[in-house]
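Coordinates as given in input-v6.txt (compact mmCIF, C-alpha atoms):
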```
# COMPACT_ATOMS: atom_id res chain seq x y z
CA MET A 120 0.00 0.00 0.00
CA PRO A 121 1.62 3.26 -1.06
CA ASN A 122 2.02 6.03 1.37
CA ILE A 123 -0.91 8.39 1.79
CA ARG A 124 1.03 11.48 0.94
CA GLN A 125 2.30 9.94 -2.27
CA ILE A 126 -1.23 9.08 -3.37
CA ARG A 127 -2.39 12.57 -2.61
CA ARG A 128 0.41 14.05 -4.65
CA ARG A 129 -0.39 11.68 -7.49
CA ILE A 130 -4.05 12.70 -7.52
CA ARG A 131 -3.10 16.33 -7.69
CA SER A 132 -0.74 15.76 -10.61
CA VAL A 133 -3.30 13.74 -12.56
CA GLN A 134 -5.85 16.46 -11.91
CA SER A 135 -3.67 19.13 -13.41
CA THR A 136 -2.91 16.92 -16.40
CA ALA A 137 -6.64 16.48 -16.92
CA LYS A 138 -7.08 20.22 -16.85
CA ILE A 139 -4.46 20.66 -19.56
CA THR A 140 -5.77 17.90 -21.80
CA ASN A 141 -9.29 19.23 -21.40
CA ALA A 142 -8.19 22.70 -22.48
CA MET A 143 -6.24 21.24 -25.40
CA SER A 144 -9.25 19.33 -26.60
CA MET A 145 -11.39 22.46 -26.53
CA VAL A 146 -8.78 24.50 -28.38
CA ALA A 147 -8.46 21.76 -30.98
CA ALA A 148 -12.24 21.66 -31.42
CA SER A 149 -12.41 25.35 -32.23
CA ARG A 150 -9.41 25.18 -34.57
CA MET A 151 -10.93 22.24 -36.35
CA ARG A 152 -14.10 24.19 -36.98
CA ARG A 153 -12.15 27.12 -38.35
CA ALA A 154 -10.12 24.95 -40.70
CA GLN A 155 -13.30 23.27 -41.92
CA GLN A 156 -14.88 26.65 -42.49
CA ARG A 157 -11.89 27.82 -44.52
CA GLY A 158 -12.13 24.70 -46.60
CA LEU A 159 -15.82 25.25 -47.22
CA GLN A 160 -15.29 28.88 -48.19
CA GLY A 161 -12.80 27.80 -50.81
CA ARG A 162 -15.13 25.23 -52.28
CA PRO A 163 -16.83 27.47 -54.90
CA TYR A 164 -13.43 28.39 -56.32
CA ALA A 165 -12.38 24.76 -56.37
CA GLN A 166 -15.54 23.69 -58.17
CA GLN A 167 -15.31 26.48 -60.72
CA ILE A 168 -11.69 25.92 -61.56
CA ARG A 169 -12.28 22.19 -61.86
CA GLY A 170 -15.18 22.83 -64.24
CA VAL A 171 -13.19 25.22 -66.42
CA MET A 172 -10.28 22.80 -66.47
CA SER A 173 -12.35 19.89 -67.69
CA HIS A 174 -13.74 22.16 -70.39
CA LEU A 175 -10.38 23.20 -71.66
CA THR A 176 -8.82 19.79 -71.60
CA ALA A 177 -11.82 18.31 -73.38
CA LEU A 178 -11.27 20.67 -76.32
CA PRO A 179 -10.08 19.03 -79.52
CA GLN A 180 -6.29 19.07 -79.53
CA THR A 181 -4.80 21.72 -81.78
CA GLY A 182 -1.88 19.59 -82.84
CA GLU A 183 0.51 21.43 -80.56
CA ALA A 184 2.00 19.61 -77.63
CA PRO A 185 -0.24 19.68 -74.54
CA HIS A 186 0.69 21.94 -71.65
CA PRO A 187 3.71 20.61 -69.71
CA LEU A 188 1.65 20.06 -66.58
CA LEU A 189 -0.60 17.68 -68.52
CA GLN A 190 2.16 15.76 -70.27
CA GLN A 191 2.83 12.19 -69.29
CA ARG A 192 6.54 11.40 -69.30
CA PRO A 193 8.46 8.23 -68.64
CA VAL A 194 8.97 8.24 -64.89
CA GLN A 195 12.57 8.42 -63.77
CA ARG A 196 12.12 10.39 -60.61
CA ILE A 197 9.18 11.15 -58.36
CA ALA A 198 8.53 13.97 -55.94
CA TYR A 199 6.24 13.34 -53.00
CA ILE A 200 4.65 16.05 -50.82
CA HIS A 201 4.25 14.64 -47.34
CA ILE A 202 1.84 16.63 -45.18
CA THR A 203 1.90 15.92 -41.45
CA ALA A 204 1.51 17.87 -38.23
CA ASP A 205 4.23 19.87 -36.52
CA ARG A 206 3.27 18.38 -33.19
CA GLY A 207 2.13 15.13 -31.74
CA LEU A 208 -0.63 14.50 -29.21
CA CYS A 209 -3.04 13.79 -32.01
CA GLY A 210 -3.45 10.04 -31.79
CA ALA A 211 -2.17 7.87 -34.59
CA LEU A 212 -2.59 10.56 -37.25
CA ASN A 213 1.07 11.20 -37.95
CA SER A 214 2.17 7.61 -37.68
CA ASN A 215 -0.61 6.49 -40.01
CA MET A 216 0.45 9.08 -42.56
CA ASN A 217 4.10 8.15 -42.18
CA ARG A 218 3.33 4.46 -42.58
CA ALA A 219 1.27 5.08 -45.72
CA ALA A 220 4.07 7.19 -47.16
CA HIS A 221 6.67 4.58 -46.31
CA GLN A 222 4.69 1.94 -48.13
CA PHE A 223 4.03 4.24 -51.08
CA ILE A 224 7.72 5.01 -51.50
CA ALA A 225 8.63 1.35 -51.24
CA GLU A 226 6.17 0.51 -54.03
CA GLN A 227 7.65 2.98 -56.52
CA SER A 228 10.13 1.75 -59.07
CA ALA A 229 11.69 5.20 -59.49
CA PRO A 230 13.59 7.07 -56.77
CA VAL A 231 11.40 9.34 -54.67
CA GLU A 232 12.37 12.68 -53.19
CA VAL A 233 10.30 14.10 -50.38
CA VAL A 234 8.93 17.57 -49.83
CA ALA A 235 8.06 17.48 -46.15
CA VAL A 236 5.35 19.72 -44.75
CA GLY A 237 5.22 19.44 -40.97
CA ARG A 238 7.87 18.55 -38.42
CA ARG A 239 6.62 15.05 -37.66
CA GLY A 240 6.84 13.94 -41.26
CA ARG A 241 10.20 15.64 -41.71
CA ASP A 242 11.60 13.80 -38.70
CA PHE A 243 10.27 10.51 -39.96
CA MET A 244 11.72 11.00 -43.45
CA ALA A 245 15.06 12.07 -42.01
CA ARG A 246 15.09 9.04 -39.72
CA THR A 247 14.39 6.65 -42.58
CA ARG A 248 17.07 8.41 -44.64
CA ARG A 249 14.86 9.65 -47.45
CA GLU A 250 16.05 12.35 -49.75
CA LEU A 251 14.49 15.60 -48.58
CA ARG A 252 14.00 18.14 -51.35
CA ALA A 253 12.41 20.82 -49.21
CA VAL A 254 10.96 21.23 -45.73
CA PHE A 255 8.07 23.45 -44.68
CA MET A 256 7.18 23.88 -41.03
CA ASP A 257 5.19 26.20 -38.78
CA LEU A 258 2.41 26.88 -41.26
CA GLY A 259 0.21 27.58 -38.28
CA TYR A 260 -3.28 26.32 -37.70
CA LEU A 261 -4.97 28.50 -40.31
CA PRO A 262 -2.64 29.13 -43.25
CA SER A 263 -3.70 31.31 -46.17
CA LEU A 264 -3.26 30.33 -49.79
CA LEU A 265 -0.17 32.51 -49.82
CA ASP A 266 1.44 30.43 -47.07
CA THR A 267 1.09 27.27 -49.12
CA LEU A 268 2.19 28.72 -52.46
CA ALA A 269 5.86 28.00 -51.83
CA ILE A 270 5.09 24.28 -51.58
CA SER A 271 3.37 24.07 -54.94
CA ARG A 272 5.97 26.32 -56.56
CA VAL A 273 8.81 24.01 -55.59
CA VAL A 274 7.23 20.96 -57.16
CA MET A 275 5.98 22.74 -60.27
CA GLU A 276 9.42 24.15 -60.91
CA ASP A 277 11.04 20.79 -60.41
CA TYR A 278 8.53 19.27 -62.76
CA GLU A 279 8.99 21.88 -65.45
CA ASN A 280 12.78 21.66 -65.23
CA GLY A 281 12.55 17.93 -65.72
CA ARG A 282 14.03 17.16 -62.32
CA VAL A 283 11.03 14.99 -61.52
CA ASP A 284 8.47 13.35 -63.80
CA GLN A 285 5.60 12.89 -61.39
CA VAL A 286 4.45 14.58 -58.23
CA TYR A 287 2.32 12.93 -55.57
CA LEU A 288 0.53 14.53 -52.67
CA GLY A 289 -0.07 12.80 -49.34
CA TYR A 290 -2.30 14.15 -46.58
CA SER A 291 -4.80 13.01 -43.97
CA ASP A 292 -8.27 13.06 -45.40
CA PHE A 293 -10.88 14.34 -42.98
CA ILE A 294 -13.79 11.91 -43.09
CA ASN A 295 -15.38 12.85 -39.78
CA THR A 296 -14.23 13.85 -36.33
CA VAL A 297 -13.32 10.31 -35.33
CA LEU A 298 -12.06 9.08 -38.68
CA GLN A 299 -9.16 10.40 -40.73
CA ARG A 300 -7.51 8.43 -43.47
CA PRO A 301 -4.14 8.92 -45.12
CA VAL A 302 -4.55 9.62 -48.83
CA ILE A 303 -1.86 9.74 -51.48
CA GLN A 304 -2.82 11.02 -54.91
CA ARG A 305 -1.11 12.18 -58.03
CA LEU A 306 -0.78 15.93 -58.35
CA ILE A 307 1.22 16.29 -61.57
CA PRO A 308 0.69 15.46 -64.41
CA VAL A 309 -2.72 16.93 -63.79
CA GLU A 310 -5.60 14.59 -64.39
CA PRO A 311 -8.55 16.63 -65.63
CA ALA A 312 -11.96 15.78 -64.26
CA PRO A 313 -14.50 14.39 -66.73
CA LEU A 314 -16.62 17.00 -68.42
CA GLU A 315 -19.99 17.84 -66.95
CA PRO A 316 -22.46 17.48 -69.80
CA LEU A 317 -24.51 20.40 -68.47
CA TYR A 318 -22.11 23.07 -69.63
CA ASN A 319 -21.21 21.66 -72.96
CA VAL A 320 -21.33 24.98 -74.78
CA GLU A 321 -19.01 26.69 -77.19
CA TYR A 322 -16.81 29.24 -75.49
CA ILE A 323 -14.89 32.17 -76.83
CA TYR A 324 -11.36 32.02 -75.45
CA GLU A 325 -9.31 35.15 -75.07
CA PRO A 326 -6.59 35.32 -76.12
CA SER A 327 -6.58 31.56 -76.91
CA PRO A 328 -7.50 28.29 -75.20
CA GLU A 329 -3.82 27.44 -74.75
CA THR A 330 -2.96 30.66 -72.92
CA VAL A 331 -5.98 30.39 -70.68
CA LEU A 332 -5.17 26.79 -69.86
CA GLY A 333 -1.52 27.68 -69.32
CA ALA A 334 -2.51 30.27 -66.74
CA LEU A 335 -5.14 28.07 -65.18
CA LEU A 336 -3.15 24.88 -64.58
CA PRO A 337 -0.64 26.28 -62.07
CA ARG A 338 -3.51 27.79 -60.11
CA TYR A 339 -5.28 24.48 -60.13
CA VAL A 340 -2.23 22.78 -58.65
CA GLU A 341 -1.87 25.55 -56.06
CA MET A 342 -5.50 25.15 -55.12
CA LEU A 343 -5.13 21.38 -54.68
CA VAL A 344 -2.12 21.82 -52.39
CA TYR A 345 -3.89 24.50 -50.38
CA HIS A 346 -6.91 22.28 -49.91
CA ALA A 347 -4.77 19.31 -48.93
CA VAL A 348 -3.14 21.42 -46.23
CA LEU A 349 -6.52 22.58 -44.93
CA GLU A 350 -7.82 19.02 -45.01
CA HIS A 351 -4.80 17.88 -43.05
CA ILE A 352 -5.30 20.62 -40.46
CA ALA A 353 -8.95 19.70 -39.96
CA SER A 354 -7.82 16.08 -39.51
CA GLU A 355 -5.02 17.00 -37.15
CA GLN A 356 -7.20 19.16 -34.95
CA SER A 357 -10.02 16.65 -34.82
CA ALA A 358 -7.61 13.82 -34.02
CA ARG A 359 -6.13 15.97 -31.27
CA MET A 360 -9.56 16.89 -29.97
CA VAL A 361 -10.58 13.23 -29.73
CA SER A 362 -7.35 11.99 -28.24
CA MET A 363 -7.23 14.78 -25.69
CA ARG A 364 -10.81 14.10 -24.74
CA ASN A 365 -9.92 10.46 -24.21
CA ALA A 366 -6.93 11.52 -22.16
CA THR A 367 -9.16 13.69 -20.00
CA GLU A 368 -11.55 10.81 -19.46
CA ASN A 369 -8.71 8.45 -18.63
CA ALA A 370 -7.37 10.93 -16.15
CA LYS A 371 -10.78 11.19 -14.53
CA SER A 372 -11.14 7.45 -14.09
CA MET A 373 -7.59 7.35 -12.79
CA ILE A 374 -8.47 10.00 -10.23
CA GLU A 375 -11.44 7.90 -9.15
CA ASP A 376 -9.26 4.83 -8.68
CA LEU A 377 -6.65 6.82 -6.83
CA THR A 378 -9.24 8.43 -4.59
CA LEU A 379 -10.54 4.98 -3.69
CA THR A 380 -7.06 3.75 -2.86
CA TYR A 381 -6.43 6.92 -0.94
CA ASN A 382 -9.56 6.48 1.17
CA LYS A 383 -8.74 2.84 1.81
CA ALA A 384 -5.24 3.73 2.90
CA ARG A 385 -6.55 6.49 5.11
CA GLN A 386 -9.11 4.22 6.72
CA GLU A 387 -6.55 1.54 7.26
CA MET A 388 -4.29 4.01 8.97
CA ILE A 389 -7.07 5.17 11.25
CA THR A 390 -7.90 1.59 12.10
CA LYS A 391 -4.26 0.90 12.81
CA GLU A 392 -4.00 3.96 15.04
CA LEU A 393 -7.17 2.97 16.87
CA LEU A 394 -5.84 -0.52 17.37
CA ASP A 395 -2.63 0.94 18.70
CA ILE A 396 -4.51 3.10 21.17
CA VAL A 397 -6.81 0.29 22.24
CA GLY A 398 -3.79 -1.98 22.54
CA GLY A 399 -1.95 0.63 24.60
CA VAL A 400 -4.91 1.13 26.94
CA ALA A 401 -5.30 -2.62 27.30
CA ALA A 402 -1.60 -2.93 28.16
CA LEU A 403 -1.88 -0.19 30.80
CA GLU A 404 -4.93 -1.74 32.39
CA GLY A 405 -3.42 -5.17 32.29
CA MET B 83 -32.54 41.68 -67.13
CA PRO B 84 -29.88 41.29 -64.44
CA PHE B 85 -27.54 38.32 -64.34
CA ARG B 86 -25.80 36.53 -61.52
CA LEU B 87 -22.20 37.50 -60.83
CA GLU B 88 -19.93 35.45 -58.58
CA VAL B 89 -16.47 36.53 -57.51
CA VAL B 90 -14.55 33.79 -55.75
CA THR B 91 -10.98 33.37 -54.55
CA ALA B 92 -9.32 30.21 -53.31
CA GLU B 93 -10.02 31.36 -49.77
CA ARG B 94 -13.56 32.68 -49.88
CA SER B 95 -16.47 33.86 -51.93
CA VAL B 96 -16.23 37.65 -52.23
CA PHE B 97 -19.37 38.56 -54.15
CA SER B 98 -22.47 36.75 -55.30
CA GLU B 99 -25.37 38.88 -56.43
CA ASP B 100 -27.52 39.79 -59.42
CA VAL B 101 -26.06 42.69 -61.41
CA ASP B 102 -26.75 44.61 -64.63
CA LEU B 103 -23.23 45.26 -65.86
CA VAL B 104 -19.70 44.41 -64.92
CA THR B 105 -16.41 45.65 -66.31
CA VAL B 106 -13.23 43.73 -65.67
CA PRO B 107 -9.53 44.27 -66.43
CA GLY B 108 -8.87 41.66 -69.12
CA ILE B 109 -5.27 41.00 -70.12
CA ASP B 110 -5.99 42.65 -73.47
CA GLY B 111 -7.81 45.63 -72.00
CA GLU B 112 -10.94 46.57 -70.15
CA LEU B 113 -13.90 44.36 -70.86
CA GLY B 114 -17.57 44.98 -70.18
CA ILE B 115 -20.11 42.22 -69.72
CA LEU B 116 -23.81 42.81 -70.24
CA PRO B 117 -26.63 40.31 -69.87
CA HIS B 118 -26.77 37.58 -72.55
CA HIS B 119 -23.09 37.79 -73.31
CA ALA B 120 -21.80 34.86 -75.34
CA PRO B 121 -19.94 32.19 -73.34
CA LEU B 122 -16.43 33.46 -72.79
CA LEU B 123 -13.34 32.45 -70.92
CA THR B 124 -10.53 34.91 -70.50
CA ALA B 125 -7.57 35.73 -68.29
CA LEU B 126 -7.64 38.86 -66.15
CA THR B 127 -4.96 41.17 -64.86
CA TYR B 128 -4.60 43.49 -61.87
CA GLY B 129 -7.15 46.22 -61.71
CA GLU B 130 -10.53 47.44 -60.80
CA MET B 131 -13.73 45.59 -61.40
CA VAL B 132 -16.79 47.82 -61.58
CA ILE B 133 -20.21 46.38 -60.92
CA ARG B 134 -23.42 48.20 -61.74
CA ARG B 135 -26.83 47.41 -60.33
CA GLY B 136 -29.50 49.88 -61.38
CA HIS B 137 -27.92 53.22 -60.60
CA GLU B 138 -25.71 51.80 -57.93
CA GLU B 139 -22.02 51.15 -58.57
CA THR B 140 -19.59 49.12 -56.51
CA SER B 141 -16.06 48.15 -57.23
CA ILE B 142 -13.76 45.32 -56.30
CA ALA B 143 -9.97 45.34 -56.58
CA ILE B 144 -8.77 42.14 -58.21
CA GLY B 145 -5.29 40.78 -58.68
CA GLY B 146 -5.42 38.63 -61.76
CA GLY B 147 -7.43 35.50 -62.43
CA PHE B 148 -10.09 34.42 -64.88
CA LEU B 149 -13.50 35.40 -66.06
CA GLU B 150 -15.98 32.83 -67.21
CA VAL B 151 -19.25 33.82 -68.81
CA ARG B 152 -21.59 30.88 -68.67
CA PRO B 153 -25.13 30.59 -69.87
CA ASP B 154 -26.44 30.76 -66.32
CA LYS B 155 -23.97 33.12 -64.63
CA VAL B 156 -20.73 35.04 -64.78
CA VAL B 157 -17.90 33.77 -62.61
CA VAL B 158 -14.68 35.55 -61.71
CA LEU B 159 -11.94 33.30 -60.35
CA ALA B 160 -9.62 35.82 -58.77
CA ASP B 161 -6.16 35.37 -57.27
CA MET B 162 -7.01 38.21 -54.94
CA ALA B 163 -10.23 40.17 -54.56
CA GLU B 164 -11.15 42.86 -52.09
CA ARG B 165 -14.29 44.91 -51.93
CA ALA B 166 -13.80 48.65 -51.69
CA GLU B 167 -14.90 48.75 -48.06
CA GLU B 168 -12.37 46.07 -47.09
CA ILE B 169 -9.37 47.93 -48.40
CA ASP B 170 -6.99 49.45 -45.90
CA VAL B 171 -5.80 52.56 -47.74
CA SER B 172 -2.81 53.28 -45.56
CA ARG B 173 -1.61 49.71 -45.90
CA ALA B 174 -2.01 49.74 -49.67
CA GLU B 175 -0.19 53.08 -49.78
CA ALA B 176 2.68 51.65 -47.75
CA ALA B 177 2.82 48.59 -49.99
CA ARG B 178 3.01 50.79 -53.06
CA LYS B 179 5.85 52.84 -51.62
CA ARG B 180 7.74 49.73 -50.66
CA ALA B 181 7.31 48.24 -54.13
CA GLU B 182 8.41 51.46 -55.82
CA GLU B 183 11.49 51.68 -53.63
CA GLN B 184 12.40 48.12 -54.42
CA LEU B 185 12.01 48.73 -58.13
CA THR B 186 14.47 51.62 -58.00
CA LEU B 187 17.09 49.30 -56.55
CA GLY B 188 17.35 47.51 -59.86
CA PRO B 189 17.03 43.91 -60.92
CA ALA B 190 20.25 42.80 -59.27
CA LEU B 191 18.93 43.39 -55.79
CA VAL B 192 15.29 42.49 -55.87
CA ASP B 193 12.90 40.12 -57.50
CA THR B 194 11.63 42.59 -60.09
CA LEU B 195 8.65 40.52 -61.12
CA ARG B 196 7.47 40.19 -57.59
CA ALA B 197 7.95 43.89 -56.86
CA GLU B 198 6.05 44.83 -60.01
CA ALA B 199 3.23 42.51 -59.10
CA ALA B 200 3.08 44.04 -55.64
CA LEU B 201 3.04 47.50 -57.14
CA ARG B 202 0.19 46.72 -59.49
CA ARG B 203 -1.75 45.06 -56.72
CA ALA B 204 -1.34 48.09 -54.51
CA GLU B 205 -2.35 50.42 -57.31
CA ALA B 206 -5.47 48.41 -58.04
CA ARG B 207 -6.44 48.59 -54.38
CA LEU B 208 -5.85 52.31 -54.20
CA ARG B 209 -7.81 52.96 -57.36
CA VAL B 210 -10.79 51.08 -55.99
CA ALA B 211 -10.55 52.78 -52.63
CA ARG B 212 -10.36 56.23 -54.25
CA HIS B 213 -13.21 55.46 -56.56
CA ARG B 214 -15.41 54.65 -53.64
CA ARG B 215 -14.64 57.97 -51.99
CA GLY B 216 -15.60 59.73 -55.20
CA THR B 217 -12.36 61.68 -55.63
CA GLY B 218 -10.31 61.36 -58.76
CA ALA B 219 -12.26 58.34 -59.87
CA PRO B 220 -11.13 57.10 -63.25
CA SER B 221 -13.94 56.79 -65.74
CA THR B 222 -14.71 53.21 -66.54
CA GLU B 223 -15.83 53.71 -70.12
CA ALA B 224 -17.89 50.66 -69.56
CA GLY B 225 -20.46 51.34 -72.19
CA MET B 226 -17.90 51.90 -74.91
CA GLN B 227 -16.14 48.62 -74.47
CA ALA B 228 -19.03 46.50 -73.46
CA ARG B 229 -19.44 43.79 -75.96
CA ALA B 230 -22.99 42.94 -76.70
CA GLY B 231 -23.70 39.24 -76.69
CA ASP B 232 -25.82 37.38 -79.11
```

When written as structure tokens, how does the structure in this file appear?
Amino acid sequence: MPNIRQIRRRIRSVQSTAKITNAMSMVAASRMRRAQQRGLQGRPYAQQIRGVMSHLTALPQTGEAPHPLLQQRPVQRIAYIHITADRGLCGALNSNMNRAAHQFIAEQSAPVEVVAVGRRGRDFMARTRRELRAVFMDLGYLPSLLDTLAISRVVMEDYENGRVDQVYLGYSDFINTVLQRPVIQRLIPVEPAPLEPLYNVEYIYEPSPETVLGALLPRYVEMLVYHAVLEHIASEQSARMVSMRNATENAKSMIEDLTLTYNKARQEMITKELLDIVGGVAALEG
Amino acid sequence: MPFRLEVVTAERSVFSEDVDLVTVPGIDGELGILPHHAPLLTALTYGEMVIRRGHEETSIAIGGGFLEVRPDKVVVLADMAERAEEIDVSRAEAARKRAEEQLTLGPALVDTLRAEAALRRAEARLRVARHRRGTGAPSTEAGMQARAGD
């Protein structure tokens, strides 16, 4: 039976941990909502640009080579954007993402270089001795499009210079607050969405379809990266919210157990003291 | 016969209302859109977008993007878009000064393209902000360049 004072100290420490985890879970909940909101606000743009893209790519080819970002090349080198959190305490989110990435890289026949977004992923890639092309950290919990532009610029430049022939994007897909799933998808060459039959009308393009498409494609890629980052943040915050809530609950049940032990120990001590007194009195009278 | 105009950026939807006329800064010059315009897709540059509803005029500063005229609505996909009332004049002024200073340093010292872009962005903001205050507003010449649709 541990000493009463030790138990008391233990209860107090668990209590303060519970307070912290509870606060963290509430902070994460509000950040998650804000990230989700950001994502929703960007949805009209995403839908529009996707629609325009499918239009342009569905146009009859003019005989010229397609835009570089649409061109399929033999794959000699792959770039992979790995989006993870800067911090832990968000359940298995980071390790799931890292595991998925590890498997993905192992499956590729061409060498893969990594663009790490987030400290956790960077550390993992460094530990497993992957080639790191670029590292982005401290994007904050509500980055703007501008904050994520550097990421897409790096890979687009590498692609256009012929340094890499394919670019993949890996992030945690937010399914709901308790479920996030690592997703790895191809970013470049861009795969245009199928054409919606509803808007199958003849457009006037100014100055020409090629120039419009040329200006549109980089923005499309930037938009996809931005949304992946937002998606990841919503996942990270919701994973943190859930795991911190669990931690708070665990702490509470631990406090209950400890309180029980504490009371038992206290009672036992009183009983022992009483016995001592009774014994002492008995000895005196005897 | 008003039509629906939507101005969206990657981060938010800036404007979505029924309007009578809109002029935008196309890369080949100012461009006016009236109801029933033929389907069009064009790239935009930095500048002021003027929206007319009845006798009411509002403007939005935009920093490049695209304009899509569809049968059901007109959509502007902007890289940056700020309504006149959102613009912080002193900040835009400071940004313009900074960009101008950088440009005088010459191409060896600064990223000229970036500085120029910043300059044009700041100027677009200032133009919109001034326009709203009704001092030194540039005429839009909307009617002259408006292209009638079908």

Item checked: Cut-off 12 Å around (-1.1, 25.2, -40.1) with all atoms listed in the file: residues as a ChimeraX atom specification -> /A:150-151,153-154,157,202-206,236-238,255-264,266-267,345-356

Margin query: Residues of chain A within 12 Å of chain B, counting all atoms listed in the file - could you list those as an NGL selection string?
Written below: :A and (154-172 or 174-175 or 261-268 or 317-346 or 349)

Next item on the list: Please indicate the distance in Å from CA of Ser357 (chain A) to CA of Ser135 (chain A), rounded to one decimal place.
Entry: 22.5 Å

Next item on the list: For CA of Arg134 (chain B) and CA of Glu167 (chain B), determine how far apart the two atoms are, in Å to one decimal place.
Entry: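 If I compute the distance from CA of Arg134 (chain B) to CA of Glu167 (chain B), I get 16.1 Å.
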
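Relative to CA of Gly281 (chain A), CA of Gln195 (chain A) is found at 9.7 Å.
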
Check: Given the choices A:Ala198, A:Ala211, A:Ile123, A:Ile307, which gets closest to Ala253 (chain A) if the distance is worked out from all atoms listed in the file?
Finding: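 For Ala253 (chain A), the nearest of the given residues is A:Ala198.
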
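Candidate residues A:Asp242, A:Met360, A:Val234, A:Glu387 were compared for distance to Ile270 (chain A), and the nearest is A:Val234, using all atoms listed in the file.
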
Checklist line | For Val171 (chain B): contacts at 7 Å, all atoms listed in the file, fewer than 3 positions along chain excluded, given as a ChimeraX atom specification | finding: /B:174-175,208,211

Note to self: I'd like the neighbourhood of Glu232 (chain A) as number ranges by chain, where a residue qualifies if any of its atoms comes within 9 Å (using all atoms listed in the file), though same-chain residues fewer than 5 positions away should be ignored.
What the structure shows: A: 196-200, 249-252, 283

Note to self: Please list as a list in words every residue within 7 Å of region 202-206 of chain B, counting only C-alpha atoms and excluding residues in the same chain fewer than 4 positions away.
What the structure shows: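 Here the answer would be Tyr128, Gly129, Glu130, Ala143, Gly145, Ala174, Glu175, Ala177, Arg178, Glu198 and Val210 of chain B.
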
Notebook entry, point to check: Which residue out of B:Arg212, B:Gly136, B:Val104, B:Gly114 has the minimum interatomic distance to Asp170 (chain B) when all atoms listed in the file are used?
Noted result: B:Arg212

Notebook entry, point to check: Pick the closest to Ala181 (chain B) from B:Asp100, B:Leu201, B:Ala163, B:Arg135: which is it, counting only C-alpha atoms?
Noted result: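 Closest residue, counting only C-alpha atoms: B:Leu201.
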
Next item on the list: Take the point (-16.2, 40.6, -70.1) in the file's coordinates, draw a sphere of radius 7 Å around it, and report as a list in words every protein, DNA or RNA residue with an atom inside or on it, counting all atoms listed in the file.
Entry: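 Protein and nucleic acid residues near the point are Thr105, Val106, Leu113, Gly114 and Ile115 of chain B.
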
Check: Which one is closest to Val302 (chain A): A:Leu288, A:Leu403, A:Leu208, A:Ala366? Count all atoms listed in the file.
Finding: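 Of A:Leu288, A:Leu403, A:Leu208, A:Ala366, the one nearest Val302 (chain A) is A:Leu288, counting all atoms listed in the file.
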
Note to self: My list of candidates is A:Asn213, A:Ala147, A:Glu404, A:Ser173. Which is closest to Arg239 (chain A) when distances are computed with all atoms listed in the file?
What the structure shows: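 Among the listed residues, A:Asn213 lies closest to Arg239 (chain A).
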
Note to self: Quick one: residues within 10 Å of Thr176 (chain A), only C-alpha atoms, excluding same-chain residues fewer than 6 positions away - as a PyMOL selection string?
What the structure shows: chain A and resi 185-186+189+310-314+328-329+332

Next item on the list: Identify, on the basis of all atoms listed in the file, every residue whose closest approach to Arg300 (chain A) does not exceed 7 Å; exclude the query and any residue fewer than 6 positions from it along the same chain; express the result as JSON, numbers by chain.
Entry: {"A": [291, 292, 293]}

May I ask you to restore N, CA and C atoms in region 270-279 of chain A and write the result as an mmCIF file, keeping the file's coordinate frame?
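Result file follows (selection.cif):
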```cif
data_model
loop_
_atom_site.group_PDB
_atom_site.id
_atom_site.type_symbol
_atom_site.label_atom_id
_atom_site.label_comp_id
_atom_site.auth_asym_id
_atom_site.auth_seq_id
_atom_site.Cartn_x
_atom_site.Cartn_y
_atom_site.Cartn_z
ATOM 1 N N ILE A 270 5.058 25.744 -51.433
ATOM 2 C CA ILE A 270 5.090 24.280 -51.580
ATOM 3 C C ILE A 270 4.811 23.898 -53.026
ATOM 4 N N SER A 271 3.725 24.448 -53.571
ATOM 5 C CA SER A 271 3.370 24.070 -54.940
ATOM 6 C C SER A 271 4.388 24.603 -55.947
ATOM 7 N N ARG A 272 4.977 25.773 -55.635
ATOM 8 C CA ARG A 272 5.970 26.320 -56.560
ATOM 9 C C ARG A 272 7.176 25.411 -56.696
ATOM 10 N N VAL A 273 7.635 24.888 -55.565
ATOM 11 C CA VAL A 273 8.810 24.010 -55.590
ATOM 12 C C VAL A 273 8.572 22.833 -56.527
ATOM 13 N N VAL A 274 7.436 22.158 -56.362
ATOM 14 C CA VAL A 274 7.230 20.960 -57.160
ATOM 15 C C VAL A 274 6.941 21.283 -58.624
ATOM 16 N N MET A 275 6.246 22.397 -58.871
ATOM 17 C CA MET A 275 5.980 22.740 -60.270
ATOM 18 C C MET A 275 7.268 23.092 -60.998
ATOM 19 N N GLU A 276 8.143 23.814 -60.292
ATOM 20 C CA GLU A 276 9.420 24.150 -60.910
ATOM 21 C C GLU A 276 10.230 22.899 -61.210
ATOM 22 N N ASP A 277 10.297 22.024 -60.224
ATOM 23 C CA ASP A 277 11.040 20.790 -60.410
ATOM 24 C C ASP A 277 10.478 19.981 -61.579
ATOM 25 N N TYR A 278 9.160 20.018 -61.692
ATOM 26 C CA TYR A 278 8.530 19.270 -62.760
ATOM 27 C C TYR A 278 8.841 19.895 -64.118
ATOM 28 N N GLU A 279 8.748 21.212 -64.179
ATOM 29 C CA GLU A 279 8.990 21.880 -65.450
ATOM 30 C C GLU A 279 10.452 21.810 -65.872
#
```
